[in-house]
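Q: Okay, handing you the structure first.
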Amino acid sequence: MSDASAVSADPDWLRSKPGLKWATAAPDVLPAWVAEMDFAVPPPVRQVLTDFAAIGDLGYPAWMEGSGTPLREAFRDRMTARYDWSPDPAHVREFTDLNQALQAVLHVATEPGDAVAMHVPGYPTFLRAVPKMGRRLIPVPLHRDEDGWSSDADCLDAAVTASGARTLILVNPNNPVGRVLTRSELSAIATVAEARDLLVISDEIHADLTYAPAVHIPFASLSADAQARTVTMTSASKAFNIAGACCAVAYVGSERVRDGLDRLPPDLLGRLGAVGVAATLAAWREGDPWLAAVLETLSANRDVLGAALPKDIGYVPPEATCLAWLDCRSLGLSDPADFFLRKAGVDLISGSSFGTFGEGFVRLNFGTTPAILTEICARMTEAVTSLGQRPCEP
């Protein structure tokens with residue numbers, strides 16, 4: 001194990017945490033809903049935060065009056081090292097998180113009434129943001145067969161052609177199903193994007209949580225055309241468990257979108273804090289040994305789920321993320337998430353939050369210790385057994 005401390009999570013420590021996941025859970029409930037892992041942050045991140053406190057300097061950062069934060073070069077370096085893609089740092093912009101980045105891009109690149117396509121099941125916050133901004137959400141179903149989930153470029157082409165959509169929100173690796181699209185799938189999407197002149201807003205925040213042999217390929221790295229029409233959004237928040245740092249970046253390959261963002265009032269979107277930038281830099285530059293240990297535990301946890309979940313819950317091990325998309329349709333429940341909260345004391349997210357095609361599913365975050373995950377599965381199994389159903393195929 002690269003760093004044994006990465007996967008330790010004492011239950012008493014978890015219960016004492018003030019953050020959203022555990023502080024809002026009842027004493028008898030195990031929370032597995034929000035996409036936040038139960039592991040302490042990487043040692044380099046803890047060290048940089050300790051240094052801030054020791055030095056006592058929380059004043060204006062030196063980069064505040066410059067042409068962006070050090071994140072721009074750090075993002076380029078990480079993409080080059082991990083994904084063999086060298087984006088121009090001059091085209092990188094900073095945001096507090098991906099939700100802000102998405103809404104800022106939609107604000108400058110689309111108009112009220114415009115159609116925006118997105119694969120479903122899809123990330124709930126994005127699904128809600130599009131109509132709240134007055135845009136028309138065009139759901140594009142992912143294809144499901146006995147081997148799992150996949151993207152259907154013909155379905156995408158038909159949806160954007162019929163709706164007139166000029167924007168695609170691409171979440172890869174996918175949240176909630178955990179698919180990592182292959183080069184051939186991404187190339188097929190790129191062909192549609194070029195033919196229909198789509199702006200592609202690519203959420204790649206879970207890329208660093210990809211399990212071999214799956215390989216994450218940045219959409220913008222496919223070709224010069226793909227790079228020029230893509231906004232690539234990412235953050236260290238998911239892989240390194242630092243969502244509270246409120247720090248993200250977007251590579252804005254589209255000159256039109258870049259110009260639109262740069263014309264916004266300079267402080268309209270706020271500024272990043274020095275602590276969040278420092279935490280992200282420490283994670284990207286020095287946190288990979290910790291990440292390797294976490295990935296080892298998460299990969300093993302995928303196997304725990306396969307062995308310990310009730311047999312009548314459908315489960316396809318994800319290729320990335322710490323999230324499992326569980327098919328509970330065979331249980332005959334109107335709301336599986338509510339059932340498991342009431343009967344098992346396990347807090348999950350209802351699949352209906354991820355769009356119409358999520359009905360009957362739940363999302364479970366397995367980013368915890370094997371002991372806690374085993375307890376979650378045992379509780380869910382006991383609850384399903386109480387239904388008096390025989391195991392059957394979902």
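Just so we're on the same page: first chain in the structure tokens is A, next is B, and so on; residues restart at 1 for each chain, and ligands are numbered from 1 in the order they show up.
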Go through segment 148-223 of chain A residue by residue and, counting only C-alpha atoms, keep those with an atom at most 12 Å from segment 294-297 of chain A; for each kept residue give the shortest atom pair and its distance in Å to one decimal, ordered by chain and increasing number, as JSON lines.
A:
{"residue": "A:His206", "atom": "CA", "partner": "A:Leu295", "partner_atom": "CA", "distance": 11.9}
{"residue": "A:Ala207", "atom": "CA", "partner": "A:Leu295", "partner_atom": "CA", "distance": 11.9}
{"residue": "A:Asp208", "atom": "CA", "partner": "A:Leu295", "partner_atom": "CA", "distance": 9.1}
{"residue": "A:Leu209", "atom": "CA", "partner": "A:Leu295", "partner_atom": "CA", "distance": 6.7}
{"residue": "A:Thr210", "atom": "CA", "partner": "A:Leu295", "partner_atom": "CA", "distance": 8.1}
{"residue": "A:Tyr211", "atom": "CA", "partner": "A:Leu295", "partner_atom": "CA", "distance": 7.4}
{"residue": "A:Ala212", "atom": "CA", "partner": "A:Leu295", "partner_atom": "CA", "distance": 10.0}
Q: Could you give me, as JSON, numbers by chain, the residues within 10 Å of Gln47 of chain A, counting only C-alpha atoms and dropping anything in the same chain fewer than 5 positions from it?
A: {"A": [42, 52, 53, 279, 282]}
Q: Could you give me the residues within segment 81-313 of chain A that DSSP places in strand (DSSP E or B), as a PyMOL selection string?
A: chain A and resi 92-95+115-120+136-141+143-145+148-150+167-171+199-203+210+230-234+248-252
Q: Using N, CA and C atoms, can you write the selected residues to a file as a compact mmCIF listing (two decimals), in the first residue's frame?
A:
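To be explicit, this is the file written out as result_22.txt:
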# COMPACT_ATOMS: atom_id res chain seq x y z
N VAL A 92 -6.77 28.41 -20.07
CA VAL A 92 -7.36 27.87 -18.85
C VAL A 92 -7.95 29.02 -18.03
N ARG A 93 -9.12 28.77 -17.46
CA ARG A 93 -9.76 29.75 -16.58
C ARG A 93 -10.11 29.05 -15.26
N GLU A 94 -10.14 29.83 -14.18
CA GLU A 94 -10.40 29.29 -12.85
C GLU A 94 -11.86 29.52 -12.43
N PHE A 95 -12.40 28.56 -11.66
CA PHE A 95 -13.75 28.65 -11.13
C PHE A 95 -13.75 28.06 -9.73
N ALA A 115 -31.49 24.75 -27.00
CA ALA A 115 -31.48 23.35 -26.59
C ALA A 115 -30.07 22.93 -26.19
N VAL A 116 -29.98 22.18 -25.10
CA VAL A 116 -28.70 21.67 -24.59
C VAL A 116 -28.87 20.18 -24.37
N ALA A 117 -28.05 19.38 -25.05
CA ALA A 117 -28.15 17.93 -24.95
C ALA A 117 -27.26 17.41 -23.82
N MET A 118 -27.70 16.30 -23.20
CA MET A 118 -26.92 15.68 -22.13
C MET A 118 -27.33 14.23 -22.00
N HIS A 119 -26.33 13.36 -21.82
CA HIS A 119 -26.62 11.95 -21.62
C HIS A 119 -27.32 11.73 -20.28
N VAL A 120 -28.25 10.77 -20.29
CA VAL A 120 -28.93 10.36 -19.05
C VAL A 120 -28.87 8.84 -18.96
N ARG A 136 -33.43 24.58 -22.87
CA ARG A 136 -34.20 23.34 -23.02
C ARG A 136 -33.27 22.13 -22.90
N LEU A 137 -33.53 21.29 -21.92
CA LEU A 137 -32.71 20.11 -21.74
C LEU A 137 -33.16 19.01 -22.68
N ILE A 138 -32.24 18.48 -23.46
CA ILE A 138 -32.51 17.39 -24.40
C ILE A 138 -31.81 16.14 -23.88
N PRO A 139 -32.55 15.23 -23.22
CA PRO A 139 -31.93 14.02 -22.67
C PRO A 139 -31.57 13.03 -23.77
N VAL A 140 -30.36 12.51 -23.71
CA VAL A 140 -29.89 11.50 -24.67
C VAL A 140 -29.58 10.23 -23.88
N PRO A 141 -30.41 9.19 -24.01
CA PRO A 141 -30.22 8.00 -23.18
C PRO A 141 -28.93 7.26 -23.51
N HIS A 143 -26.98 3.78 -23.76
CA HIS A 143 -27.47 2.47 -24.16
C HIS A 143 -27.11 1.44 -23.10
N ARG A 144 -28.05 0.56 -22.73
CA ARG A 144 -27.82 -0.46 -21.72
C ARG A 144 -28.02 -1.84 -22.33
N ASP A 145 -27.04 -2.74 -22.16
CA ASP A 145 -27.21 -4.13 -22.55
C ASP A 145 -26.57 -5.01 -21.47
N GLY A 148 -23.33 -3.78 -19.92
CA GLY A 148 -23.25 -2.51 -19.21
C GLY A 148 -23.79 -1.36 -20.03
N TRP A 149 -23.15 -0.20 -19.88
CA TRP A 149 -23.64 1.04 -20.47
C TRP A 149 -22.70 1.51 -21.58
N SER A 150 -23.25 2.16 -22.58
CA SER A 150 -22.43 2.69 -23.67
C SER A 150 -23.11 3.90 -24.29
N THR A 167 -25.25 22.55 -28.25
CA THR A 167 -24.38 22.35 -27.09
C THR A 167 -24.62 20.96 -26.53
N LEU A 168 -23.53 20.29 -26.19
CA LEU A 168 -23.59 18.97 -25.56
C LEU A 168 -22.82 19.03 -24.25
N ILE A 169 -23.47 18.60 -23.16
CA ILE A 169 -22.78 18.41 -21.89
C ILE A 169 -22.38 16.93 -21.83
N LEU A 170 -21.08 16.69 -21.82
CA LEU A 170 -20.54 15.33 -21.81
C LEU A 170 -19.90 15.08 -20.45
N VAL A 171 -20.39 14.07 -19.73
CA VAL A 171 -19.82 13.73 -18.43
C VAL A 171 -19.07 12.41 -18.59
N LEU A 199 -20.92 22.84 -29.44
CA LEU A 199 -20.00 23.16 -28.35
C LEU A 199 -20.08 21.99 -27.38
N VAL A 200 -18.94 21.43 -27.00
CA VAL A 200 -18.91 20.30 -26.07
C VAL A 200 -18.36 20.79 -24.73
N ILE A 201 -19.19 20.69 -23.71
CA ILE A 201 -18.77 21.02 -22.35
C ILE A 201 -18.50 19.70 -21.65
N SER A 202 -17.23 19.38 -21.46
CA SER A 202 -16.83 18.05 -21.01
C SER A 202 -16.43 18.07 -19.54
N ASP A 203 -17.26 17.43 -18.72
CA ASP A 203 -16.99 17.28 -17.29
C ASP A 203 -16.11 16.05 -17.11
N THR A 210 -10.04 6.48 -12.37
CA THR A 210 -10.26 5.47 -13.39
C THR A 210 -9.46 4.21 -13.05
N THR A 230 -14.28 22.54 -27.50
CA THR A 230 -14.52 21.91 -26.20
C THR A 230 -14.11 22.80 -25.04
N VAL A 231 -14.93 22.76 -23.99
CA VAL A 231 -14.57 23.31 -22.69
C VAL A 231 -14.39 22.12 -21.76
N THR A 232 -13.17 21.89 -21.31
CA THR A 232 -12.86 20.76 -20.44
C THR A 232 -12.83 21.23 -19.00
N MET A 233 -13.74 20.69 -18.17
CA MET A 233 -13.85 21.12 -16.78
C MET A 233 -13.33 20.03 -15.85
N THR A 234 -12.53 20.42 -14.86
CA THR A 234 -12.05 19.44 -13.89
C THR A 234 -11.64 20.12 -12.59
N ALA A 248 -11.56 24.92 -8.98
CA ALA A 248 -11.68 24.14 -10.21
C ALA A 248 -11.09 24.94 -11.37
N VAL A 249 -10.87 24.24 -12.48
CA VAL A 249 -10.37 24.90 -13.68
C VAL A 249 -11.15 24.41 -14.89
N ALA A 250 -11.11 25.19 -15.94
CA ALA A 250 -11.69 24.80 -17.22
C ALA A 250 -10.74 25.19 -18.33
N TYR A 251 -10.41 24.24 -19.19
CA TYR A 251 -9.68 24.57 -20.41
C TYR A 251 -10.71 24.95 -21.46
N VAL A 252 -10.66 26.21 -21.88
CA VAL A 252 -11.67 26.75 -22.79
C VAL A 252 -11.08 26.79 -24.19
Q: Contacts between segment 341-350 of chain A and segment 53-163 of chain A, please, where a residue of segment 53-163 of chain A counts if it comes within 12 Å (with only C-alpha atoms); show its shortest atom pair and distance in Å to one decimal, rows by chain and ascending number, as a tab-separated table.
A:
residue	atom	partner	partner_atom	distance
A:Pro121	CA	A:Ser350	CA	11.6
A:Tyr123	CA	A:Ile349	CA	11.4
A:Pro124	CA	A:Ile349	CA	10.2
Q: Given the choices A:Gln227, A:Ala90, A:Arg135, A:Arg302, which gets closest to Pro70 of chain A if the distance is worked out from only C-alpha atoms?
A: A:Ala90
Q: Can you measure atom CA of Asp97 of chain A to atom CA of Gly358 of chain A for me? One decimal in Å is fine.
A: 24.8 Å
Q: Hey, what's within 10 Å of Gly260 of chain A if we count only C-alpha atoms and toss same-chain stuff fewer than 6 positions away? As a PyMOL selection string, please?
A: chain A and resi 104-105+107-109+254
Q: Write out as a list of chain:residue names which residues come within 10 Å of Cys377 of chain A when counting only C-alpha atoms, dropping same-chain ones fewer than 5 positions away.
A: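 Near neighbours after the sequence-gap exclusion: A:Val304, A:Leu305, A:Gly306, A:Ala307, A:Ala308, A:Leu309, A:Pro310, A:Ala344, A:Val346, A:Ile372, A:Glu382, A:Ala383.
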Q: Between A:Trp63, A:Trp290, A:Phe339, A:Phe219, which is the closest to Ala193 of chain A once you count only C-alpha atoms?
A: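 Closest candidate: A:Phe219.
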Q: Taking only C-alpha atoms into account, name the residue in A:Val41, A:Val29, A:Leu181, A:Leu98 that is nearest to Gly287 of chain A.
A: A:Val41
Q: Which one of A:Gly164, A:Pro131, A:Gly273, A:Gly178 sits closest to Tyr315 of chain A if you count only C-alpha atoms?
A: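 Nearest to Tyr315 of chain A: A:Gly178.
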Q: Which residue out of A:Arg46, A:Gly122, A:Leu333, A:His91 has the minimum interatomic distance to Asp262 of chain A when only C-alpha atoms are used?
A: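 For Asp262 of chain A, the nearest of the given residues is A:His91.
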Q: Pick from A:Leu281, A:Pro213, A:Phe357, A:Leu58: nearest to Ile242 of chain A, with only C-alpha atoms counted?
A: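 Ranking A:Leu281, A:Pro213, A:Phe357, A:Leu58 by distance to Ile242 of chain A, first place goes to A:Leu281.
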